[in-house]
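Just target.cif here, mmCIF, C-alpha atoms (C1' of nucleotides):
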data_structure
#
loop_
_atom_site.label_atom_id
_atom_site.label_comp_id
_atom_site.auth_asym_id
_atom_site.auth_seq_id
_atom_site.Cartn_x
_atom_site.Cartn_y
_atom_site.Cartn_z
CA MET W 11 25.77 40.17 -108.94
CA GLN W 12 22.80 38.55 -107.20
CA ASP W 13 24.60 35.90 -105.19
CA HIS W 14 22.97 33.73 -102.59
CA GLU W 15 24.35 35.66 -99.69
CA GLN W 16 22.86 38.86 -101.01
CA ILE W 17 19.48 37.28 -101.60
CA PHE W 18 19.45 35.78 -98.13
CA SER W 19 20.68 38.96 -96.52
CA ARG W 20 17.91 41.01 -98.14
CA PHE W 21 15.32 38.46 -97.20
CA LEU W 22 16.45 38.52 -93.58
CA ALA W 23 16.61 42.31 -93.47
CA LYS W 24 13.02 42.50 -94.66
CA LYS W 25 12.09 40.43 -91.61
CA GLY W 26 14.22 42.44 -89.23
CA LEU W 27 16.77 39.64 -88.98
CA ARG W 28 20.52 39.63 -89.51
CA LEU W 29 22.88 37.62 -91.66
CA THR W 30 25.13 36.34 -88.91
CA LEU W 31 28.24 34.18 -89.23
CA PRO W 32 26.44 30.91 -88.38
CA ARG W 33 23.75 31.70 -90.94
CA LYS W 34 26.41 32.58 -93.50
CA GLN W 35 28.23 29.32 -92.83
CA ILE W 36 25.04 27.31 -93.13
CA LEU W 37 24.21 29.03 -96.41
CA ASP W 38 27.69 28.28 -97.76
CA ALA W 39 27.47 24.67 -96.68
CA VAL W 40 24.08 24.29 -98.37
CA PHE W 41 25.44 25.58 -101.66
CA SER W 42 28.59 23.51 -101.41
CA LEU W 43 26.41 20.42 -101.68
CA HIS W 44 25.32 19.18 -105.06
CA SER W 45 22.60 16.86 -103.98
CA HIS W 46 19.82 16.39 -101.50
CA PHE W 47 20.57 16.70 -97.82
CA ASP W 48 18.91 16.52 -94.44
CA ALA W 49 19.62 18.53 -91.30
CA GLU W 50 22.09 16.02 -89.92
CA GLN W 51 24.08 15.78 -93.13
CA LEU W 52 24.26 19.54 -93.32
CA PHE W 53 25.50 19.58 -89.74
CA ASP W 54 28.24 17.10 -90.66
CA VAL W 55 29.37 19.29 -93.54
CA LEU W 56 29.60 22.23 -91.17
CA ARG W 57 31.70 20.24 -88.72
CA ILE W 58 34.08 19.15 -91.48
CA ARG W 59 34.43 22.80 -92.47
CA ASN W 60 35.21 23.69 -88.86
CA ALA W 61 32.18 25.92 -88.64
CA GLU W 62 31.10 26.02 -85.04
CA VAL W 63 27.38 25.91 -85.59
CA SER W 64 25.03 23.95 -83.40
CA LEU W 65 22.45 21.51 -84.67
CA ALA W 66 19.76 23.70 -83.16
CA THR W 67 20.84 26.59 -85.33
CA VAL W 68 20.82 24.38 -88.38
CA TYR W 69 17.22 23.45 -87.61
CA ARG W 70 16.41 27.09 -86.94
CA THR W 71 17.90 28.26 -90.22
CA LEU W 72 16.28 25.73 -92.52
CA PRO W 73 12.81 27.34 -92.35
CA LEU W 74 14.39 30.70 -93.15
CA LEU W 75 16.14 29.28 -96.18
CA LEU W 76 12.89 27.67 -97.23
CA GLU W 77 10.93 30.87 -96.89
CA SER W 78 13.58 32.81 -98.77
CA GLY W 79 13.17 30.42 -101.68
CA LEU W 80 16.84 29.43 -101.72
CA ILE W 81 16.11 25.84 -100.82
CA GLN W 82 13.08 23.62 -101.16
CA HIS W 83 11.77 20.66 -99.29
CA SER W 84 12.24 17.89 -101.77
CA MET W 85 10.91 14.82 -99.95
CA ARG W 86 10.75 12.71 -96.87
CA GLN W 87 12.80 9.56 -96.61
CA GLU W 88 13.29 7.26 -93.65
CA SER W 89 11.42 9.73 -91.48
CA ARG W 90 13.79 12.54 -92.26
CA ASP W 91 13.03 15.73 -94.12
CA ILE W 92 15.20 16.09 -97.20
CA TYR W 93 16.01 19.44 -98.78
CA GLU W 94 17.88 20.70 -101.80
CA HIS W 95 19.04 24.10 -102.86
CA ILE W 96 17.80 25.83 -105.97
CA PHE W 97 20.26 27.67 -108.22
CA GLY W 98 18.00 28.59 -111.02
CA HIS W 99 17.80 25.03 -112.24
CA PRO W 100 14.23 24.13 -113.06
CA ARG W 101 11.85 22.40 -110.73
CA HIS W 102 11.86 18.67 -111.00
CA LEU W 103 10.11 15.61 -109.71
CA HIS W 104 11.73 12.73 -107.86
CA TRP W 105 11.79 9.05 -108.67
CA ILE W 106 12.34 7.26 -105.39
CA CYS W 107 13.22 3.58 -105.34
CA ARG W 108 11.70 1.85 -102.35
CA GLN W 109 14.30 -0.92 -102.50
CA CYS W 110 17.67 0.79 -102.87
CA GLY W 111 16.54 4.29 -101.87
CA SER W 112 18.05 5.91 -104.92
CA VAL W 113 16.57 9.16 -106.13
CA SER W 114 16.66 10.46 -109.67
CA GLU W 115 15.10 13.51 -111.20
CA THR W 116 13.11 14.59 -114.20
CA SER W 117 12.17 18.01 -115.44
CA LEU W 118 8.69 19.25 -114.68
CA ASP W 119 8.36 21.46 -117.73
CA ASN W 120 5.50 19.44 -119.12
CA ILE W 121 3.50 19.54 -115.92
CA MET W 122 3.95 23.13 -114.77
CA PRO W 123 1.45 24.72 -117.14
CA PHE W 124 -1.17 22.24 -116.05
CA LEU W 125 -0.58 22.95 -112.37
CA GLU W 126 -0.64 26.68 -112.88
CA ARG W 127 -3.88 26.53 -114.80
CA ALA W 128 -5.43 24.29 -112.15
CA ALA W 129 -4.31 26.69 -109.42
CA GLN W 130 -5.90 29.61 -111.22
CA GLU W 131 -9.17 27.75 -111.57
CA GLN W 132 -9.19 27.13 -107.83
CA HIS W 133 -8.13 30.69 -107.03
CA PHE W 134 -5.34 29.04 -105.10
CA GLU W 135 -2.07 30.89 -104.56
CA LEU W 136 0.52 28.25 -105.32
CA GLU W 137 3.71 28.72 -103.32
CA ASP W 138 5.30 25.31 -103.35
CA PHE W 139 4.61 21.76 -104.33
CA SER W 140 6.16 18.34 -104.45
CA LEU W 141 5.75 15.47 -106.83
CA ASN W 142 7.33 12.26 -105.69
CA LEU W 143 7.04 8.97 -107.50
CA MET W 144 7.68 5.79 -105.59
CA GLY W 145 8.41 2.35 -106.94
CA LEU W 146 11.31 0.34 -108.30
CA CYS W 147 14.17 1.74 -110.32
CA TRP W 148 15.22 -0.24 -113.40
CA ARG W 149 18.22 -1.60 -111.54
CA CYS W 150 16.21 -3.15 -108.72
CA LYS W 151 13.48 -4.24 -111.12
CA ASN W 152 16.02 -6.27 -113.08
CA GLU W 153 17.69 -7.56 -109.97
CA ASN W 154 14.40 -8.90 -108.63
CA ARG W 155 13.65 -10.53 -111.96
CA ASN W 156 16.93 -12.44 -111.93
CA GLN W 157 16.29 -14.10 -108.61
CA MET G 28 -19.02 -8.94 -104.62
CA GLN G 29 -15.45 -7.76 -104.13
CA ASP G 30 -15.79 -6.01 -100.79
CA HIS G 31 -12.90 -4.60 -98.86
CA GLU G 32 -12.80 -7.41 -96.38
CA GLN G 33 -12.45 -9.95 -99.12
CA ILE G 34 -9.72 -7.99 -100.84
CA PHE G 35 -7.83 -7.59 -97.59
CA SER G 36 -8.33 -11.21 -96.59
CA ARG G 37 -6.93 -12.44 -99.90
CA PHE G 38 -4.03 -10.06 -99.68
CA LEU G 39 -3.19 -11.31 -96.20
CA ALA G 40 -3.58 -14.97 -97.15
CA LYS G 41 -1.11 -14.50 -99.98
CA LYS G 42 1.39 -13.35 -97.35
CA GLY G 43 0.59 -16.17 -94.94
CA LEU G 44 -1.25 -13.78 -92.61
CA ARG G 45 -4.75 -13.93 -91.18
CA LEU G 46 -7.68 -11.55 -91.15
CA THR G 47 -8.10 -11.34 -87.38
CA LEU G 48 -10.76 -9.44 -85.46
CA PRO G 49 -8.54 -6.42 -84.71
CA ARG G 50 -7.57 -6.20 -88.37
CA LYS G 51 -11.21 -6.50 -89.39
CA GLN G 52 -12.19 -3.73 -86.97
CA ILE G 53 -9.44 -1.46 -88.22
CA LEU G 54 -10.50 -2.07 -91.80
CA ASP G 55 -14.11 -1.24 -90.94
CA ALA G 56 -13.10 1.91 -89.11
CA VAL G 57 -11.00 3.04 -92.07
CA PHE G 58 -13.92 2.66 -94.45
CA SER G 59 -16.33 4.30 -92.06
CA LEU G 60 -14.35 7.51 -92.49
CA HIS G 61 -15.00 9.75 -95.43
CA SER G 62 -11.93 11.89 -95.24
CA HIS G 63 -8.24 11.85 -94.47
CA PHE G 64 -7.09 10.42 -91.18
CA ASP G 65 -3.96 9.73 -89.19
CA ALA G 66 -3.16 6.84 -86.88
CA GLU G 67 -4.38 8.60 -83.76
CA GLN G 68 -7.69 9.61 -85.31
CA LEU G 69 -8.25 6.06 -86.48
CA PHE G 70 -7.51 4.87 -82.97
CA ASP G 71 -10.14 7.28 -81.62
CA VAL G 72 -12.73 5.95 -84.03
CA LEU G 73 -11.98 2.43 -82.85
CA ARG G 74 -12.41 3.43 -79.22
CA ILE G 75 -15.75 5.08 -79.96
CA ARG G 76 -16.83 1.87 -81.66
CA ASN G 77 -15.76 -0.09 -78.59
CA ALA G 78 -13.23 -2.04 -80.58
CA GLU G 79 -10.48 -3.10 -78.22
CA VAL G 80 -7.55 -2.55 -80.49
CA SER G 81 -4.27 -1.12 -79.31
CA LEU G 82 -2.49 1.78 -80.93
CA ALA G 83 0.42 -0.52 -81.68
CA THR G 84 -1.84 -2.73 -83.76
CA VAL G 85 -3.18 0.28 -85.61
CA TYR G 86 0.37 1.23 -86.51
CA ARG G 87 1.12 -2.36 -87.44
CA THR G 88 -1.91 -2.63 -89.70
CA LEU G 89 -1.46 0.59 -91.64
CA PRO G 90 1.47 -0.72 -93.70
CA LEU G 91 -0.55 -3.81 -94.55
CA LEU G 92 -3.47 -1.71 -95.74
CA LEU G 93 -1.06 0.41 -97.75
CA GLU G 94 0.55 -2.59 -99.37
CA SER G 95 -2.83 -4.09 -100.17
CA GLY G 96 -3.73 -0.93 -102.04
CA LEU G 97 -6.85 -0.27 -99.94
CA ILE G 98 -5.46 2.94 -98.52
CA GLN G 99 -2.84 5.39 -99.67
CA HIS G 100 -0.53 7.78 -97.94
CA SER G 101 -1.94 11.11 -98.91
CA MET G 102 0.35 13.60 -97.20
CA ARG G 103 2.20 14.74 -94.13
CA GLN G 104 0.81 17.51 -92.00
CA GLU G 105 2.03 18.79 -88.66
CA SER G 106 4.53 15.94 -88.50
CA ARG G 107 1.84 13.32 -88.79
CA ASP G 108 1.32 10.86 -91.63
CA ILE G 109 -2.11 11.25 -93.18
CA TYR G 110 -3.85 8.45 -95.04
CA GLU G 111 -7.07 8.00 -96.95
CA HIS G 112 -8.86 4.96 -98.22
CA ILE G 113 -9.48 4.29 -101.89
CA PHE G 114 -12.81 2.94 -103.03
CA GLY G 115 -12.39 3.08 -106.73
CA HIS G 116 -12.49 6.83 -106.80
CA PRO G 117 -9.77 8.19 -109.02
CA ARG G 118 -6.42 9.37 -107.83
CA HIS G 119 -6.24 13.01 -106.97
CA LEU G 120 -3.85 15.71 -105.91
CA HIS G 121 -4.10 17.80 -102.77
CA TRP G 122 -4.26 21.56 -102.37
CA ILE G 123 -2.97 22.28 -98.88
CA CYS G 124 -3.43 25.72 -97.37
CA ARG G 125 -0.50 26.63 -95.16
CA GLN G 126 -2.59 29.12 -93.22
CA CYS G 127 -5.83 27.34 -92.33
CA GLY G 128 -4.64 23.80 -93.05
CA SER G 129 -7.59 23.02 -95.28
CA VAL G 130 -7.16 20.36 -97.94
CA SER G 131 -9.09 20.14 -101.17
CA GLU G 132 -8.72 17.77 -104.07
CA THR G 133 -8.58 17.73 -107.83
CA SER G 134 -8.64 14.88 -110.27
CA LEU G 135 -5.35 13.72 -111.72
CA ASP G 136 -6.73 12.52 -115.03
CA ASN G 137 -4.78 15.08 -117.01
CA ILE G 138 -1.49 14.21 -115.41
CA MET G 139 -1.59 10.43 -115.25
CA PRO G 140 -0.69 9.80 -118.91
CA PHE G 141 2.30 12.08 -118.57
CA LEU G 142 3.54 10.27 -115.46
CA GLU G 143 3.06 6.86 -117.00
CA ARG G 144 4.93 7.83 -120.11
CA ALA G 145 7.75 9.33 -118.06
CA ALA G 146 7.97 6.17 -115.96
CA GLN G 147 8.24 4.02 -119.07
CA GLU G 148 11.03 6.18 -120.42
CA GLN G 149 12.95 5.70 -117.18
CA HIS G 150 12.15 1.97 -117.02
CA PHE G 151 10.80 2.78 -113.58
CA GLU G 152 8.11 0.59 -112.08
CA LEU G 153 5.67 3.12 -110.67
CA GLU G 154 3.86 1.85 -107.59
CA ASP G 155 2.71 4.98 -105.87
CA PHE G 156 3.10 8.71 -105.97
CA SER G 157 1.94 11.88 -104.34
CA LEU G 158 1.34 15.34 -105.68
CA ASN G 159 0.80 17.98 -103.03
CA LEU G 160 0.42 21.67 -103.74
CA MET G 161 1.07 24.11 -100.93
CA GLY G 162 0.04 27.72 -100.69
CA LEU G 163 -2.97 29.82 -99.80
CA CYS G 164 -6.57 28.84 -100.44
CA TRP G 165 -8.83 31.53 -101.90
CA ARG G 166 -10.42 32.06 -98.51
CA CYS G 167 -7.15 32.88 -96.73
CA LYS G 168 -5.89 34.82 -99.72
CA ASN G 169 -8.89 37.14 -99.52
CA GLU G 170 -8.70 37.34 -95.76
CA ASN G 171 -5.09 38.49 -95.91
CA ARG G 172 -5.95 41.07 -98.55
CA ASN G 173 -8.64 42.62 -96.36
CA GLN G 174 -6.32 43.31 -93.50
"C1'" DT V 6 -1.18 -33.15 -78.26
"C1'" DC V 7 2.99 -30.92 -79.67
"C1'" DC V 8 5.22 -27.54 -82.51
"C1'" DT V 9 5.72 -23.84 -85.37
"C1'" DT V 10 4.21 -19.50 -86.79
"C1'" DG V 11 1.54 -15.56 -86.55
"C1'" DT V 12 -0.90 -11.87 -83.28
"C1'" DT V 13 -1.64 -8.88 -79.74
"C1'" DG V 14 -1.39 -5.32 -75.85
"C1'" DA V 15 1.35 -2.74 -72.84
"C1'" DG V 16 4.84 -0.16 -72.14
"C1'" DA V 17 9.67 0.97 -73.27
"C1'" DA V 18 12.63 2.87 -76.73
"C1'" DT V 19 13.84 5.67 -80.66
"C1'" DG V 20 15.02 9.72 -82.96
"C1'" DA V 21 14.00 13.82 -85.70
"C1'" DA V 22 12.56 18.15 -84.60
"C1'" DT V 23 11.45 21.76 -81.29
"C1'" DC V 24 11.79 24.31 -77.18
"C1'" DT V 25 14.00 26.56 -73.00
"C1'" DC V 26 17.03 29.44 -71.02
"C1'" DA V 27 21.08 31.73 -69.86
"C1'" DT V 28 24.34 34.18 -72.30
"C1'" DA V 29 26.11 36.93 -76.09
"C1'" DT V 30 25.79 40.41 -79.66
"C1'" DA V 31 23.77 43.92 -82.45
"C1'" DT V 32 20.89 48.09 -83.01
"C1'" DT V 33 18.28 51.89 -81.22
"C1'" DT V 34 17.37 55.37 -77.99
"C1'" DA V 35 18.31 58.75 -74.60
"C1'" DT U 22 28.84 56.78 -74.80
"C1'" DA U 23 25.80 54.26 -71.94
"C1'" DA U 24 21.51 52.11 -71.24
"C1'" DA U 25 17.65 49.77 -73.24
"C1'" DT U 26 15.75 46.75 -76.51
"C1'" DA U 27 15.67 43.07 -79.74
"C1'" DT U 28 17.86 39.35 -82.04
"C1'" DA U 29 21.03 34.99 -81.94
"C1'" DT U 30 23.21 31.21 -80.21
"C1'" DG U 31 24.70 26.67 -77.95
"C1'" DA U 32 23.70 23.06 -74.94
"C1'" DG U 33 20.81 20.20 -73.32
"C1'" DA U 34 16.05 19.00 -72.10
"C1'" DT U 35 11.71 17.93 -74.14
"C1'" DT U 36 8.23 16.43 -77.26
"C1'" DC U 37 5.72 13.21 -79.70
"C1'" DA U 38 4.80 10.20 -83.70
"C1'" DT U 39 6.33 5.88 -84.67
"C1'" DT U 40 8.67 1.54 -83.83
"C1'" DC U 41 10.32 -2.07 -81.02
"C1'" DT U 42 10.37 -5.64 -77.29
"C1'" DC U 43 8.55 -9.20 -74.92
"C1'" DA U 44 5.50 -12.17 -72.68
"C1'" DA U 45 1.14 -14.30 -73.39
"C1'" DC U 46 -1.92 -16.23 -76.52
"C1'" DA U 47 -4.19 -18.47 -80.64
"C1'" DA U 48 -4.49 -21.07 -84.98
"C1'" DG U 49 -3.26 -24.73 -87.95
"C1'" DG U 50 -0.49 -28.64 -89.39
"C1'" DA U 51 1.99 -32.97 -88.30
#
For the structure just supplied, provide its representation as structure tokens.
Amino acid sequence: MQDHEQIFSRFLAKKGLRLTLPRKQILDAVFSLHSHFDAEQLFDVLRIRNAEVSLATVYRTLPLLLESGLIQHSMRQESRDIYEHIFGHPRHLHWICRQCGSVSETSLDNIMPFLERAAQEQHFELEDFSLNLMGLCWRCKNENRNQ
Amino acid sequence: MQDHEQIFSRFLAKKGLRLTLPRKQILDAVFSLHSHFDAEQLFDVLRIRNAEVSLATVYRTLPLLLESGLIQHSMRQESRDIYEHIFGHPRHLHWICRQCGSVSETSLDNIMPFLERAAQEQHFELEDFSLNLMGLCWRCKNENRNQ
DNA sequence: TCCTTGTTGAGAATGAATCTCATATATTTA
DNA sequence: TAAATATATGAGATTCATTCTCAACAAGGA
């Protein structure tokens, strides 16, 4: 029964930190979301859930969640850092439309072996990475064509 | 003789804009650099070269250079946007060490076909992308081991 | 020459992210 | 159990890269 709370709790303990109520609430809020989020959106979710957690604590907890491997930094959009949680689903890349801002995903299965081999060649210890592809989604591409 | 100035000038003309002295000086400064740079560093180079260009104009010109394809956004480090110019050298990915901040590069030749095929499948018009790999460089990895 | 449009510098404004600090709450030690 | 130590938190101030505003200026066309 390796649930998120347990993983986070162990991670914190290893660092001499505690799984407090605010941290628990933030963790729950993160895993209640099924898409990308930024700090402010996460804060809104917490307010809706009547969790009395300050924005400062949200910002303080995000790096911990990152380091624990429970969430990942997925991209940067409109000068905000966007995150997403990881529940065992495979790593993916993001297709970001510069016109409508939509984001879709694709599996990275075909790329991973290449990256891992390249890292080995460099003697680089790969911890995290991001692959973001910017351009026009099919919707906007068609829309522009019809004008 | 397709030099950068000509490329930029044509790009600007197409948009009804002019290649002014400040823009020319910024372009020169960009191509005088042989590594990554951010807006502030570019501004410093301009000051050293006695080019009287304001920081605001630097920030205003960067998006133009991006759109013209002469530079690309290479990554974000310490909450600053980092750019690099492109002079025909192939696209590459970045290995970013989280400890010493060093950045090294690798060719993307092996990945490009995959990305292009994936884009076609999605009917996505790929304009730009970034692949950044974070972790520990061999130097820091060894250093940590010896402690 | 007049008019429209693009350009610039200087400084103000923005806003995400971080920091400060006084106060609380655990955990350890005596 | 009490005192000492270390960790957490909220509220608001602060930072700092980036963007915006605005007045002055320049170029090109009618």
Do a neighbour search on W:Gly26 at 12 Å with all atoms listed in the file, toss out local chain neighbours closer than 6 positions, and write the hits as a tab-separated table (two decimals) with C-alpha atoms (C1' of nucleotides), in the frame of the given file.
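What landed in around-v8.tsv:
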chain	number	residue	atom	x	y	z
W	19	SER	CA	20.68	38.96	-96.52
W	20	ARG	CA	17.91	41.01	-98.14
V	31	DA	C1'	23.77	43.92	-82.45
V	32	DT	C1'	20.89	48.09	-83.01
U	27	DA	C1'	15.67	43.07	-79.74
U	28	DT	C1'	17.86	39.35	-82.04
Selection under test: the PyMOL selection byres ((chain U and resi 42) around 12); residues as a ChimeraX atom specification: /V:14-18 /U:40-41,43-44
Just how far from atom CA of G:Tyr110 is atom CA of G:Leu93, in Å to one decimal?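 According to the coordinates, atom CA of G:Leu93 and atom CA of G:Tyr110 are separated by 8.9 Å.
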Just to confirm, what's the straight-line distance from atom CA of W:Cys107 to atom CA of W:Leu146 in Å (one decimal)?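 Answer for the atom CA of W:Cys107 to atom CA of W:Leu146 separation: 4.8 Å.
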Quick check on the file I pasted: which residues fall under the PyMOL selection byres ((chain G) within 8 of (chain V))? Write them as a PyMOL selection string. chain G and resi 44-45+81+83-84
Only C-alpha atoms, please: the residues just picked out, written as a short mmCIF file (atom, residue, chain, number, x, y, z; two decimals), in the coordinates of the input.
data_model
loop_
_atom_site.label_atom_id
_atom_site.label_comp_id
_atom_site.auth_asym_id
_atom_site.auth_seq_id
_atom_site.Cartn_x
_atom_site.Cartn_y
_atom_site.Cartn_z
CA LEU G 44 -1.25 -13.78 -92.61
CA ARG G 45 -4.75 -13.93 -91.18
CA SER G 81 -4.27 -1.12 -79.31
CA ALA G 83 0.42 -0.52 -81.68
CA THR G 84 -1.84 -2.73 -83.76
#
Please expand the PyMOL selection byres ((chain G) within 10 of (chain U)) into the concrete residues it hits in this file, giving the result as a list in words.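 So the PyMOL selection byres ((chain G) within 10 of (chain U)) ends up selecting Arg45, Ala66, Glu67, Ala83, Tyr86, Arg87, Ser106, Arg107 and Asp108 of chain G.
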Chain G post-superposition (all in-order Cα pairs with chain W) as a CSV table (one decimal) with C-alpha atoms, in the frame of the given file:
chain,number,residue,atom,x,y,z
G,28,MET,CA,25.8,40.0,-109.1
G,29,GLN,CA,22.8,38.4,-107.3
G,30,ASP,CA,24.7,35.8,-105.2
G,31,HIS,CA,23.0,33.7,-102.6
G,32,GLU,CA,24.4,35.6,-99.7
G,33,GLN,CA,22.9,38.8,-101.1
G,34,ILE,CA,19.5,37.2,-101.7
G,35,PHE,CA,19.5,35.8,-98.2
G,36,SER,CA,20.7,39.0,-96.6
G,37,ARG,CA,17.9,41.0,-98.2
G,38,PHE,CA,15.4,38.4,-97.3
G,39,LEU,CA,16.5,38.5,-93.7
G,40,ALA,CA,16.6,42.3,-93.6
G,41,LYS,CA,13.0,42.5,-94.8
G,42,LYS,CA,12.1,40.5,-91.8
G,43,GLY,CA,14.2,42.5,-89.4
G,44,LEU,CA,16.8,39.7,-89.1
G,45,ARG,CA,20.5,39.7,-89.6
G,46,LEU,CA,22.9,37.7,-91.7
G,47,THR,CA,25.1,36.4,-88.9
G,48,LEU,CA,28.2,34.3,-89.2
G,49,PRO,CA,26.4,31.0,-88.3
G,50,ARG,CA,23.7,31.8,-90.9
G,51,LYS,CA,26.4,32.6,-93.5
G,52,GLN,CA,28.2,29.4,-92.8
G,53,ILE,CA,25.1,27.3,-93.1
G,54,LEU,CA,24.2,29.0,-96.4
G,55,ASP,CA,27.7,28.3,-97.7
G,56,ALA,CA,27.5,24.7,-96.6
G,57,VAL,CA,24.1,24.3,-98.3
G,58,PHE,CA,25.5,25.6,-101.6
G,59,SER,CA,28.7,23.5,-101.3
G,60,LEU,CA,26.5,20.4,-101.6
G,61,HIS,CA,25.4,19.2,-105.0
G,62,SER,CA,22.7,16.8,-103.9
G,63,HIS,CA,19.9,16.3,-101.4
G,64,PHE,CA,20.6,16.7,-97.8
G,65,ASP,CA,19.0,16.5,-94.4
G,66,ALA,CA,19.6,18.5,-91.3
G,67,GLU,CA,22.1,16.1,-89.8
G,68,GLN,CA,24.1,15.8,-93.0
G,69,LEU,CA,24.3,19.6,-93.2
G,70,PHE,CA,25.5,19.6,-89.7
G,71,ASP,CA,28.3,17.2,-90.5
G,72,VAL,CA,29.4,19.3,-93.4
G,73,LEU,CA,29.6,22.3,-91.1
G,74,ARG,CA,31.7,20.3,-88.6
G,75,ILE,CA,34.1,19.2,-91.3
G,76,ARG,CA,34.4,22.9,-92.3
G,77,ASN,CA,35.2,23.8,-88.7
G,78,ALA,CA,32.2,26.0,-88.5
G,79,GLU,CA,31.0,26.1,-84.9
G,80,VAL,CA,27.3,26.0,-85.5
G,81,SER,CA,25.0,24.0,-83.3
G,82,LEU,CA,22.4,21.6,-84.6
G,83,ALA,CA,19.7,23.8,-83.1
G,84,THR,CA,20.8,26.7,-85.3
G,85,VAL,CA,20.8,24.4,-88.3
G,86,TYR,CA,17.2,23.5,-87.6
G,87,ARG,CA,16.4,27.1,-86.9
G,88,THR,CA,17.9,28.3,-90.2
G,89,LEU,CA,16.3,25.7,-92.5
G,90,PRO,CA,12.8,27.3,-92.4
G,91,LEU,CA,14.4,30.7,-93.2
G,92,LEU,CA,16.2,29.3,-96.2
G,93,LEU,CA,12.9,27.6,-97.3
G,94,GLU,CA,11.0,30.8,-96.9
G,95,SER,CA,13.6,32.8,-98.8
G,96,GLY,CA,13.2,30.4,-101.7
G,97,LEU,CA,16.9,29.4,-101.7
G,98,ILE,CA,16.2,25.8,-100.8
G,99,GLN,CA,13.1,23.6,-101.2
G,100,HIS,CA,11.8,20.6,-99.3
G,101,SER,CA,12.3,17.8,-101.7
G,102,MET,CA,11.0,14.8,-99.9
G,103,ARG,CA,10.8,12.7,-96.8
G,104,GLN,CA,12.8,9.5,-96.6
G,105,GLU,CA,13.3,7.2,-93.6
G,106,SER,CA,11.5,9.7,-91.4
G,107,ARG,CA,13.9,12.5,-92.2
G,108,ASP,CA,13.1,15.7,-94.1
G,109,ILE,CA,15.3,16.1,-97.2
G,110,TYR,CA,16.1,19.4,-98.8
G,111,GLU,CA,17.9,20.6,-101.8
G,112,HIS,CA,19.1,24.0,-102.8
G,113,ILE,CA,17.9,25.8,-106.0
G,114,PHE,CA,20.3,27.7,-108.2
G,115,GLY,CA,18.1,28.6,-111.0
G,116,HIS,CA,17.8,25.0,-112.2
G,117,PRO,CA,14.3,24.1,-113.1
G,118,ARG,CA,11.9,22.4,-110.8
G,119,HIS,CA,11.8,18.7,-111.0
G,120,LEU,CA,10.1,15.6,-109.7
G,121,HIS,CA,11.7,12.7,-107.9
G,122,TRP,CA,11.8,9.0,-108.7
G,123,ILE,CA,12.3,7.2,-105.4
G,124,CYS,CA,13.2,3.6,-105.4
G,125,ARG,CA,11.7,1.8,-102.4
G,126,GLN,CA,14.3,-0.9,-102.6
G,127,CYS,CA,17.6,0.8,-103.0
G,128,GLY,CA,16.5,4.2,-101.9
G,129,SER,CA,18.0,5.9,-105.0
G,130,VAL,CA,16.6,9.1,-106.2
G,131,SER,CA,16.6,10.4,-109.7
G,132,GLU,CA,15.1,13.5,-111.2
G,133,THR,CA,13.1,14.6,-114.2
G,134,SER,CA,12.1,18.0,-115.5
G,135,LEU,CA,8.7,19.3,-114.7
G,136,ASP,CA,8.3,21.5,-117.7
G,137,ASN,CA,5.4,19.5,-119.1
G,138,ILE,CA,3.5,19.6,-115.9
G,139,MET,CA,3.9,23.2,-114.7
G,140,PRO,CA,1.4,24.7,-117.1
G,141,PHE,CA,-1.2,22.2,-116.0
G,142,LEU,CA,-0.6,23.0,-112.3
G,143,GLU,CA,-0.7,26.7,-112.8
G,144,ARG,CA,-3.9,26.5,-114.7
G,145,ALA,CA,-5.5,24.3,-112.1
G,146,ALA,CA,-4.4,26.7,-109.4
G,147,GLN,CA,-6.0,29.6,-111.1
G,148,GLU,CA,-9.2,27.7,-111.5
G,149,GLN,CA,-9.2,27.1,-107.7
G,150,HIS,CA,-8.2,30.7,-106.9
G,151,PHE,CA,-5.4,29.0,-105.0
G,152,GLU,CA,-2.1,30.9,-104.5
G,153,LEU,CA,0.5,28.2,-105.3
G,154,GLU,CA,3.7,28.7,-103.3
G,155,ASP,CA,5.3,25.3,-103.4
G,156,PHE,CA,4.6,21.8,-104.3
G,157,SER,CA,6.2,18.4,-104.5
G,158,LEU,CA,5.8,15.5,-106.9
G,159,ASN,CA,7.3,12.2,-105.7
G,160,LEU,CA,7.0,9.0,-107.6
G,161,MET,CA,7.7,5.8,-105.6
G,162,GLY,CA,8.4,2.3,-107.0
G,163,LEU,CA,11.3,0.3,-108.4
G,164,CYS,CA,14.1,1.7,-110.4
G,165,TRP,CA,15.2,-0.2,-113.5
G,166,ARG,CA,18.2,-1.6,-111.7
G,167,CYS,CA,16.2,-3.2,-108.8
G,168,LYS,CA,13.4,-4.3,-111.2
G,169,ASN,CA,16.0,-6.3,-113.2
G,170,GLU,CA,17.6,-7.6,-110.1
G,171,ASN,CA,14.4,-8.9,-108.7
G,172,ARG,CA,13.6,-10.5,-112.1
G,173,ASN,CA,16.9,-12.4,-112.1
G,174,GLN,CA,16.2,-14.1,-108.8
10 Å contacts from chain G to chain W using only C-alpha atoms, as number ranges by chain: G: 103, 106, 120-125, 131, 133, 137-138, 141-142, 145-147, 149-169
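From atom CA of G:Glu143 back to atom CA of G:Leu39, the distance works out to 28.3 Å.
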Shell around W:Asp38 at 12 Å using only C-alpha atoms (C1' of nucleotides), local window under 5 positions removed, as a PyMOL selection string: chain W and resi 13-15+18+31-33+43-44+52+55-56+59+61+75+80+95
List every protein, DNA or RNA residue that has an atom no more than 12 Å from (19.3, 22.5, -104.4) in the file's coordinate frame, counting only C-alpha atoms (C1' of nucleotides), and report them as a PyMOL selection string. chain W and resi 14+37+39-48+75-76+79-84+92-102
